[in-house]
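Source file: entry_17.cif. Holds: mmCIF, C-alpha atoms.
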```
data_final
loop_
_atom_site.group_PDB
_atom_site.id
_atom_site.type_symbol
_atom_site.label_atom_id
_atom_site.label_comp_id
_atom_site.auth_asym_id
_atom_site.auth_seq_id
_atom_site.Cartn_x
_atom_site.Cartn_y
_atom_site.Cartn_z
ATOM 1 C CA MET E 216 186.309 104.821 141.868
ATOM 2 C CA SER E 217 182.598 105.067 141.013
ATOM 3 C CA ASP E 218 180.850 102.715 138.640
ATOM 4 C CA ASP E 219 178.332 104.566 136.418
ATOM 5 C CA ARG E 220 177.120 101.431 134.633
ATOM 6 C CA GLN E 221 173.577 100.267 135.269
ATOM 7 C CA GLN E 222 173.226 97.119 137.333
ATOM 8 C CA THR E 223 171.262 94.155 136.027
ATOM 9 C CA PRO E 224 167.847 94.130 137.743
ATOM 10 C CA THR E 225 167.085 91.413 140.256
ATOM 11 C CA ALA E 226 164.136 89.057 139.845
ATOM 12 C CA ASP E 227 162.073 91.210 142.213
ATOM 13 C CA GLU E 228 162.763 94.348 140.187
ATOM 14 C CA VAL E 229 161.769 92.773 136.856
ATOM 15 C CA ASP E 230 158.128 92.515 137.923
ATOM 16 C CA VAL E 231 157.886 96.297 138.401
ATOM 17 C CA VAL E 232 155.929 97.984 135.616
ATOM 18 C CA ASP E 233 156.701 101.634 134.841
ATOM 19 C CA VAL E 234 154.399 104.020 133.030
ATOM 20 C CA ASP E 235 156.215 106.438 130.740
ATOM 21 C CA SER E 236 155.178 109.093 128.320
ATOM 22 C CA GLY E 237 155.782 108.147 124.728
ATOM 23 C CA ASP E 238 157.218 110.509 122.126
ATOM 24 C CA ASP E 239 153.749 111.802 121.294
ATOM 25 C CA GLY E 240 152.826 112.472 124.936
ATOM 26 C CA GLU E 241 150.588 109.410 125.343
ATOM 27 C CA GLU E 242 151.078 107.152 128.320
ATOM 28 C CA VAL E 243 152.698 103.847 127.466
ATOM 29 C CA SER E 244 152.507 100.980 129.933
ATOM 30 C CA LEU E 245 155.083 98.235 129.810
ATOM 31 C CA ARG E 246 154.178 94.701 130.769
ATOM 32 C CA PRO E 247 156.543 92.038 132.081
ATOM 33 C CA PHE E 248 157.983 89.658 129.519
ATOM 34 C CA THR E 249 157.957 85.921 130.165
ATOM 35 C CA PHE E 250 160.467 83.929 128.140
ATOM 36 C CA GLN E 251 159.244 80.420 127.347
ATOM 37 C CA THR E 252 160.894 77.647 125.404
ATOM 38 C CA ALA E 253 159.688 74.248 124.315
ATOM 39 C CA GLY E 254 159.139 71.884 127.217
ATOM 40 C CA PHE E 255 160.616 68.429 127.662
ATOM 41 C CA ASP E 256 159.392 65.819 125.204
ATOM 42 C CA ALA E 257 160.175 62.209 126.160
ATOM 43 C CA ARG E 258 160.394 61.269 122.468
ATOM 44 C CA PHE E 259 163.539 63.423 122.207
ATOM 45 C CA PRO E 260 165.607 62.888 125.392
ATOM 46 C CA ASN E 261 168.995 63.924 123.989
ATOM 47 C CA GLN E 262 170.537 67.363 123.615
ATOM 48 C CA ASN E 263 170.329 67.376 119.816
ATOM 49 C CA GLN E 264 166.874 68.834 119.149
ATOM 50 C CA THR E 265 166.926 68.665 115.331
ATOM 51 C CA LYS E 266 164.328 65.887 115.126
ATOM 52 C CA HIS E 267 162.222 67.588 117.794
ATOM 53 C CA CYS E 268 162.266 70.791 115.726
ATOM 54 C CA PHE E 269 161.230 69.030 112.512
ATOM 55 C CA GLN E 270 158.539 66.924 114.214
ATOM 56 C CA ASN E 271 156.928 69.991 115.810
ATOM 57 C CA TYR E 272 156.939 71.775 112.440
ATOM 58 C CA VAL E 273 155.202 68.802 110.813
ATOM 59 C CA ASP E 274 152.795 68.348 113.742
ATOM 60 C CA TYR E 275 151.771 72.018 113.624
ATOM 61 C CA PHE E 276 150.828 71.921 109.947
ATOM 62 C CA ARG E 277 149.072 68.551 110.317
ATOM 63 C CA CYS E 278 147.118 69.918 113.273
ATOM 64 C CA THR E 279 146.090 73.083 111.442
ATOM 65 C CA PHE E 280 145.121 71.055 108.368
ATOM 66 C CA HIS E 281 142.764 68.851 110.378
ATOM 67 C CA LYS E 282 141.566 71.257 113.095
ATOM 68 C CA GLY E 283 142.132 74.747 111.656
ATOM 69 C CA GLU E 284 144.485 77.536 112.687
ATOM 70 C CA ASP E 285 142.197 78.709 115.498
ATOM 71 C CA TYR E 286 142.457 75.379 117.366
ATOM 72 C CA LYS E 287 144.361 76.263 120.586
ATOM 73 C CA PRO E 288 146.322 72.976 121.068
ATOM 74 C CA CYS E 289 148.014 73.542 117.690
ATOM 75 C CA GLN E 290 149.691 76.604 119.180
ATOM 76 C CA GLN E 291 151.887 74.366 121.376
ATOM 77 C CA PHE E 292 153.485 72.903 118.239
ATOM 78 C CA PHE E 293 153.829 76.405 116.765
ATOM 79 C CA LYS E 294 155.601 77.747 119.852
ATOM 80 C CA ALA E 295 157.854 74.681 120.056
ATOM 81 C CA TYR E 296 159.048 74.790 116.452
ATOM 82 C CA HIS E 297 159.542 78.556 116.602
ATOM 83 C CA ALA E 298 161.679 78.133 119.721
ATOM 84 C CA LEU E 299 163.695 75.166 118.431
ATOM 85 C CA CYS E 300 164.141 75.661 114.680
ATOM 86 C CA PRO E 301 166.599 78.074 113.065
ATOM 87 C CA ASN E 302 164.927 80.717 110.874
ATOM 88 C CA GLU E 303 166.729 79.446 107.758
ATOM 89 C CA TRP E 304 165.190 75.999 108.179
ATOM 90 C CA LYS E 305 161.690 77.412 108.694
ATOM 91 C CA GLU E 306 162.037 79.601 105.589
ATOM 92 C CA ARG E 307 163.298 76.671 103.501
ATOM 93 C CA TRP E 308 160.502 74.385 104.709
ATOM 94 C CA ASP E 309 157.884 77.096 104.042
ATOM 95 C CA THR E 310 159.226 77.434 100.492
ATOM 96 C CA GLN E 311 159.160 73.661 100.024
ATOM 97 C CA ARG E 312 155.546 73.505 101.264
ATOM 98 C CA GLU E 313 154.544 76.267 98.847
ATOM 99 C CA ASN E 314 156.265 74.469 95.957
ATOM 100 C CA GLY E 315 154.717 71.116 96.886
ATOM 101 C CA ASN E 316 158.018 69.310 97.481
ATOM 102 C CA PHE E 317 158.131 69.183 101.306
ATOM 103 C CA PRO E 318 159.620 65.814 102.385
ATOM 104 C CA ALA E 319 156.801 64.886 104.809
ATOM 105 C CA ASP E 320 153.068 64.340 104.421
ATOM 106 C CA LEU E 321 151.270 67.225 106.125
ATOM 107 C CA GLN E 322 147.718 65.956 105.615
#
```

Structure translated into structure tokens:
Amino acid sequence: MSDDRQQTPTADEVDVVDVDSGDDGEEVSLRPFTFQTAGFDARFPNQNQTKHCFQNYVDYFRCTFHKGEDYKPCQQFFKAYHALCPNEWKERWDTQRENGNFPADLQ
């Protein structure tokens, strides 16, 4: 019995980059994707990351308020809260910030 399903690539095969022709005939190069999540934070040693999520959200907006959005270290907070927080929470907090009733001081 033959198995026509594609096999999952090994770690060595993932680094291979193919060049294909797109629909319009132009060459499209694919680059490897690196999946990163928030690193360990000693302030939040337990599995429940709810407080870690909220604190990174607050820290990002405090950082951008004081240093500006182009300040590179602020991006660590951005990446962490995007990795940890559910989209519904981020949307609700963004709405609260816009309406001026966010529960934390961001300045």

Practice prompt. Quote the spacing between atom CA of E:Thr279 and atom CA of E:Glu313 in Å to one decimal place.
Written response: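 A separation of 15.5 Å between them.
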
Fill in: Distance criterion (only C-alpha atoms): nearest to E:Val273 out of E:Asp285, E:Phe293, E:Asn302, E:Gly315
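The answer is E:Phe293, which sits nearest to E:Val273.
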
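You can rank E:Phe317, E:Phe280, E:Tyr275, E:Trp308 by their closest distance to E:Phe292 using all atoms listed in the file, and at the top of that list sits E:Tyr275.
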
Practice prompt. Measure the distance from atom CA of E:Ala253 to atom CA of E:Asn316 in Å and round it to one decimal.
Written response: 27.3 Å

Discussion item. What's the separation between atom CA of E:Pro318 and atom CA of E:Asn271, in Å to one decimal place?
Written reply: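 These two atoms are separated by 14.3 Å.
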
Discussion item. I need the output of the PyMOL selection byres ((chain E and resi 267) around 9) for this file as an MDAnalysis selection string; which residues are they?
Written reply: chainID E and resid 256 258:259 263:266 268:272 295:296 299:300

Practice prompt. Could you tell me which of E:Gln262, E:Ala319, E:Gly254, E:Phe248 comes closest to E:Gln291 if we count all atoms listed in the file?
Written response: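 Using all atoms listed in the file, E:Gln291 sits closest to E:Gly254.
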
Once 8 Å is added on each side, what centre and edge lengths in Å to one decimal does the axis-aligned box around all listed atoms of stretch 253-268 of chain E have, as lines of an AutoDock Vina configuration file?
```
center_x = 164.8
center_y = 67.8
center_z = 121.4
size_x = 27.4
size_y = 29.0
size_z = 28.5
```

Any chance you could resolve the PyMOL selection byres ((chain E and resi 321) around 6) against this file and give the residues as a short mmCIF file (atom, residue, chain, number, x, y, z; two decimals) with C-alpha atoms, in the coordinates of the input?
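What landed in out.cif:
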```
data_model
loop_
_atom_site.label_atom_id
_atom_site.label_comp_id
_atom_site.auth_asym_id
_atom_site.auth_seq_id
_atom_site.Cartn_x
_atom_site.Cartn_y
_atom_site.Cartn_z
CA ARG E 277 149.07 68.55 110.32
CA ASP E 320 153.07 64.34 104.42
CA GLN E 322 147.72 65.96 105.62
#
```

Would you mind putting back N, CA, C and O atoms on stretch 266-287 of chain E, then writing it out as a CSV table (one decimal), in the frame of the given file?
```csv
chain,number,residue,atom,x,y,z
E,266,LYS,N,165.5,66.7,115.4
E,266,LYS,CA,164.3,65.9,115.1
E,266,LYS,C,163.1,66.5,115.8
E,266,LYS,O,162.0,66.5,115.3
E,267,HIS,N,163.3,67.0,117.0
E,267,HIS,CA,162.2,67.6,117.8
E,267,HIS,C,161.7,68.8,117.0
E,267,HIS,O,160.5,69.0,116.9
E,268,CYS,N,162.6,69.6,116.5
E,268,CYS,CA,162.3,70.8,115.7
E,268,CYS,C,161.4,70.4,114.5
E,268,CYS,O,160.3,70.9,114.3
E,269,PHE,N,161.9,69.5,113.7
E,269,PHE,CA,161.2,69.0,112.5
E,269,PHE,C,159.9,68.4,112.8
E,269,PHE,O,158.9,68.7,112.2
E,270,GLN,N,159.8,67.6,113.9
E,270,GLN,CA,158.5,66.9,114.2
E,270,GLN,C,157.5,67.9,114.7
E,270,GLN,O,156.3,67.8,114.3
E,271,ASN,N,157.9,69.0,115.4
E,271,ASN,CA,156.9,70.0,115.8
E,271,ASN,C,156.5,70.8,114.6
E,271,ASN,O,155.3,71.2,114.6
E,272,TYR,N,157.3,71.1,113.7
E,272,TYR,CA,156.9,71.8,112.4
E,272,TYR,C,155.9,71.0,111.7
E,272,TYR,O,154.8,71.5,111.3
E,273,VAL,N,156.1,69.7,111.5
E,273,VAL,CA,155.2,68.8,110.8
E,273,VAL,C,153.9,68.7,111.6
E,273,VAL,O,152.8,68.8,111.0
E,274,ASP,N,154.0,68.5,112.9
E,274,ASP,CA,152.8,68.3,113.7
E,274,ASP,C,151.9,69.6,113.7
E,274,ASP,O,150.7,69.5,113.7
E,275,TYR,N,152.6,70.8,113.7
E,275,TYR,CA,151.8,72.0,113.6
E,275,TYR,C,150.9,72.1,112.3
E,275,TYR,O,149.7,72.4,112.4
E,276,PHE,N,151.6,71.8,111.2
E,276,PHE,CA,150.8,71.9,109.9
E,276,PHE,C,149.8,70.8,109.8
E,276,PHE,O,148.8,71.0,109.2
E,277,ARG,N,150.1,69.6,110.3
E,277,ARG,CA,149.1,68.6,110.3
E,277,ARG,C,147.9,69.0,111.2
E,277,ARG,O,146.7,68.7,110.8
E,278,CYS,N,148.2,69.5,112.3
E,278,CYS,CA,147.1,69.9,113.3
E,278,CYS,C,146.2,71.0,112.6
E,278,CYS,O,145.0,70.9,112.7
E,279,THR,N,146.9,72.0,112.0
E,279,THR,CA,146.1,73.1,111.4
E,279,THR,C,145.3,72.6,110.2
E,279,THR,O,144.2,73.1,109.9
E,280,PHE,N,145.8,71.6,109.5
E,280,PHE,CA,145.1,71.1,108.4
E,280,PHE,C,143.8,70.4,108.8
E,280,PHE,O,142.8,70.5,108.2
E,281,HIS,N,143.9,69.6,109.9
E,281,HIS,CA,142.8,68.9,110.4
E,281,HIS,C,141.8,69.7,111.3
E,281,HIS,O,140.6,69.5,111.2
E,282,LYS,N,142.4,70.6,112.1
E,282,LYS,CA,141.6,71.3,113.1
E,282,LYS,C,141.4,72.7,112.8
E,282,LYS,O,140.5,73.4,113.4
E,283,GLY,N,142.2,73.3,111.9
E,283,GLY,CA,142.1,74.7,111.7
E,283,GLY,C,143.1,75.5,112.5
E,283,GLY,O,143.6,75.1,113.5
E,284,GLU,N,143.5,76.7,112.0
E,284,GLU,CA,144.5,77.5,112.7
E,284,GLU,C,144.0,78.1,114.0
E,284,GLU,O,144.8,78.5,114.9
E,285,ASP,N,142.7,78.2,114.2
E,285,ASP,CA,142.2,78.7,115.5
E,285,ASP,C,142.2,77.7,116.6
E,285,ASP,O,141.8,78.0,117.8
E,286,TYR,N,142.5,76.4,116.4
E,286,TYR,CA,142.5,75.4,117.4
E,286,TYR,C,143.6,75.6,118.3
E,286,TYR,O,144.8,75.5,117.9
E,287,LYS,N,143.3,75.9,119.6
E,287,LYS,CA,144.4,76.3,120.6
E,287,LYS,C,145.5,75.2,120.8
E,287,LYS,O,146.6,75.6,120.9
```
